[in-house]
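Peer 1: Dropping the structure in here first, questions after.
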Amino acid sequence: MYLGAKDFSRDLELRSIQALKDWFRAMDLGEVEVELDEEKVLVKLAHCLTCHHLPAVGSSLCTLEHGLIDGVLECITGREVISKETLCCGLGDTVCQFEAYSSDGEGYLFLENGTRPDDQRRLLSTLAEQSDLAVENLRLVQERRAQETRDPLTGLFNYRHLREHAALELVRAERYGRQVSFVMLDVDGFARVNETVGRQAGDEVLRQWASALNAHVRRCDLVCRYGADEFLLVLPETAEQEAQGVLQRLLASVSGVSFEAAGRKFTLTASAGVASYPEDGPTVEELVGKATTSMYVAKGQGLGHVVFYAPGV
């Protein structure tokens, strides 16, 4: 399983310690800390998925995580990495820990009792044949998580996933006294596209429009497909005045893009409604509702309008 996980790690294309930490955190595999220098590798894995929630069983359990970490470290260092597990939750410790030391010409290896690790390598080779199922299961977990968090048509986050992250942004905003703007976008007159080229080609236009939208938002912004042709943006650390400038640039950029399907070209505008934390409400649901209300007011004013929530709107 260790060697299979090591092979799988190469496909992840993680090229930095931070990328390794972020991926482990995103996959709920645990919190990784790495010390890496010319003399040694020391890795601590807290809340290891394999063994953190299990009772101590007297043996190490986290072979999969161990192989993934060593494989990524090999990609980062360009040298062979074979670390040894010196602590494990399965042994009753609080973290899982791996360590290895610089070896002449070979890389970072744990040379137990000063001997070459040939026997260990032969043993790992025999175990590799049994690892395919575990690696395939990890791949299926990744696919399932993507299906749970992404809209299948546009590839954007779905509302369920965005709502969870938006709630975290509100907690952060409350802690540091920041503002967050919620923006509901509706593509103007999109029914005309479906009537002109049909539903399938209309879906292609919507996919292109969503891609253009995602390309023009800031890296810190959250974006999801909320409804058929409705999209929700969450703009962290953005007050109303800043949101207006962001939206003007965003909508101008997207409306200047030509989208093509079934031999026809379309340019599309969008109407937007905005509600801001904390002025317009303390929760995701309330802010989304007020942004939606404002969006419908904007649509009533014509194409491409932006309306900010105000009591009585």
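Scheme for the structure tokens: letters A, B, ... for chains in order shown; per-chain residue numbers from 1; ligand numbers from 1 in order shown.
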Listing only residues of stretch 255-310 of chain A within 10 Å of stretch 234-246 of chain A, what is the closest atom pair and its distance in Å (to one decimal) for each, using only C-alpha atoms, sorted by chain and residue number ascending, as CSV?
Peer 2:
```
residue,atom,partner,partner_atom,distance
A:Val274,CA,A:Glu240,CA,8.1
A:Ala275,CA,A:Glu240,CA,8.1
A:Ser276,CA,A:Glu240,CA,6.7
A:Tyr277,CA,A:Ala239,CA,8.3
A:Pro278,CA,A:Ala239,CA,9.7
A:Glu279,CA,A:Ala239,CA,9.8
A:Val284,CA,A:Val234,CA,9.8
A:Val288,CA,A:Val234,CA,9.5
A:Val306,CA,A:Gln244,CA,8.1
A:Val307,CA,A:Gln244,CA,9.4
A:Phe308,CA,A:Glu240,CA,7.8
A:Tyr309,CA,A:Glu240,CA,9.8
```
Peer 1: Nearest residue to A:Glu74 out of A:Cys51, A:Cys62, A:Leu109, A:Val257, using only C-alpha atoms?
Peer 2: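 Counting only C-alpha atoms, the residue closest to A:Glu74 is A:Leu109.
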Peer 1: To one decimal place, how far is atom CA of A:Leu170 from atom CA of A:Lys299 in Å?
Peer 2: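 About the pair atom CA of A:Leu170 and atom CA of A:Lys299: they are 27.5 Å apart.
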Peer 1: Using DSSP on the backbone coordinates, identify all residues within stretch 6-250 of chain A classified as strand (DSSP E or B); present the result as a PyMOL selection string.
Peer 2: chain A and resi 31-36+40-46+80-82+84-87+95-103+107-109+150+157-158+180-187+222-225+230-236
Peer 1: Excluding same-chain residues fewer than 4 positions from stretch 6-17 of chain A, what lies within 7 Å of it counting only C-alpha atoms, as a PyMOL selection string?
Peer 2: chain A and resi 2+21+67-68+70-72+75-76+135
Peer 1: Hey, can you spit out that residue selection with N, CA and C atoms as a CSV table (one decimal), in the first residue's frame?
Peer 2:
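Dumped everything to result.csv:
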```
chain,number,residue,atom,x,y,z
A,2,TYR,N,2.0,1.2,0.7
A,2,TYR,CA,2.9,2.3,0.8
A,2,TYR,C,3.4,2.7,-0.6
A,21,LYS,N,0.4,20.5,2.3
A,21,LYS,CA,-0.4,20.7,3.5
A,21,LYS,C,-1.9,21.0,3.1
A,67,GLY,N,2.9,6.9,2.6
A,67,GLY,CA,3.3,6.8,1.2
A,67,GLY,C,3.1,8.0,0.4
A,68,LEU,N,1.9,8.7,0.6
A,68,LEU,CA,1.6,9.9,-0.1
A,68,LEU,C,2.6,11.0,0.3
A,70,ASP,N,5.7,10.7,1.5
A,70,ASP,CA,7.1,10.4,1.0
A,70,ASP,C,7.1,10.7,-0.5
A,71,GLY,N,6.1,10.3,-1.2
A,71,GLY,CA,6.0,10.5,-2.7
A,71,GLY,C,6.1,11.9,-3.0
A,72,VAL,N,5.3,12.8,-2.4
A,72,VAL,CA,5.3,14.2,-2.7
A,72,VAL,C,6.7,14.8,-2.3
A,75,CYS,N,9.0,14.3,-5.1
A,75,CYS,CA,8.8,15.2,-6.2
A,75,CYS,C,9.4,16.6,-5.8
A,76,ILE,N,9.3,17.0,-4.6
A,76,ILE,CA,9.8,18.3,-4.2
A,76,ILE,C,11.3,18.4,-4.2
A,135,VAL,N,-5.6,2.7,-3.4
A,135,VAL,CA,-5.4,3.8,-4.3
A,135,VAL,C,-6.7,4.2,-5.1
```
Peer 1: To one decimal in Å, tell me the separation between atom CA of A:Asp221 and atom CA of A:Thr293.
Peer 2: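 It comes out at 21.3 Å.
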Peer 1: Leaving out stretch 94-106 of chain A and any residue of its chain fewer than 4 positions from it, which residues lie within 9 Å of it when counting only C-alpha atoms, given as an mmCIF file with C-alpha atoms, in the first residue's frame?
Peer 2:
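Saved as result_8.cif:
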```cif
data_model
loop_
_atom_site.group_PDB
_atom_site.id
_atom_site.type_symbol
_atom_site.label_atom_id
_atom_site.label_comp_id
_atom_site.auth_asym_id
_atom_site.auth_seq_id
_atom_site.Cartn_x
_atom_site.Cartn_y
_atom_site.Cartn_z
ATOM 1 C CA ASP A 37 16.679 20.480 5.245
ATOM 2 C CA GLU A 38 19.932 19.014 3.939
ATOM 3 C CA GLU A 39 20.264 16.721 6.949
ATOM 4 C CA LYS A 40 16.851 15.297 7.659
ATOM 5 C CA VAL A 41 13.144 15.028 6.952
ATOM 6 C CA LEU A 42 10.743 15.254 9.872
ATOM 7 C CA VAL A 43 6.989 15.027 9.260
ATOM 8 C CA LYS A 44 4.222 15.305 11.857
ATOM 9 C CA LEU A 45 0.668 14.379 10.864
ATOM 10 C CA ALA A 46 -1.996 15.445 13.353
ATOM 11 C CA HIS A 47 -5.598 14.176 13.145
ATOM 12 C CA CYS A 48 -4.550 11.429 10.723
ATOM 13 C CA CYS A 51 -6.061 6.276 12.831
ATOM 14 C CA HIS A 52 -7.017 9.488 14.678
ATOM 15 C CA SER A 60 1.002 1.680 12.985
ATOM 16 C CA CYS A 62 -1.325 5.071 8.372
ATOM 17 C CA HIS A 66 2.896 7.732 4.859
ATOM 18 C CA ARG A 79 15.739 12.656 -4.283
ATOM 19 C CA GLU A 80 14.585 9.308 -2.950
ATOM 20 C CA VAL A 81 12.644 9.574 0.303
ATOM 21 C CA ILE A 82 11.995 6.573 2.520
ATOM 22 C CA SER A 83 11.047 7.734 5.991
ATOM 23 C CA LYS A 84 10.266 5.608 9.008
ATOM 24 C CA GLU A 85 7.204 5.950 11.176
ATOM 25 C CA THR A 86 8.443 6.594 14.696
ATOM 26 C CA LEU A 87 5.123 7.616 16.263
ATOM 27 C CA CYS A 88 1.555 6.653 15.383
ATOM 28 C CA CYS A 89 -1.906 7.239 16.820
ATOM 29 C CA GLY A 90 -2.364 3.488 16.537
ATOM 30 C CA PHE A 110 15.885 5.944 7.407
ATOM 31 C CA LEU A 111 18.806 3.549 7.860
#
```
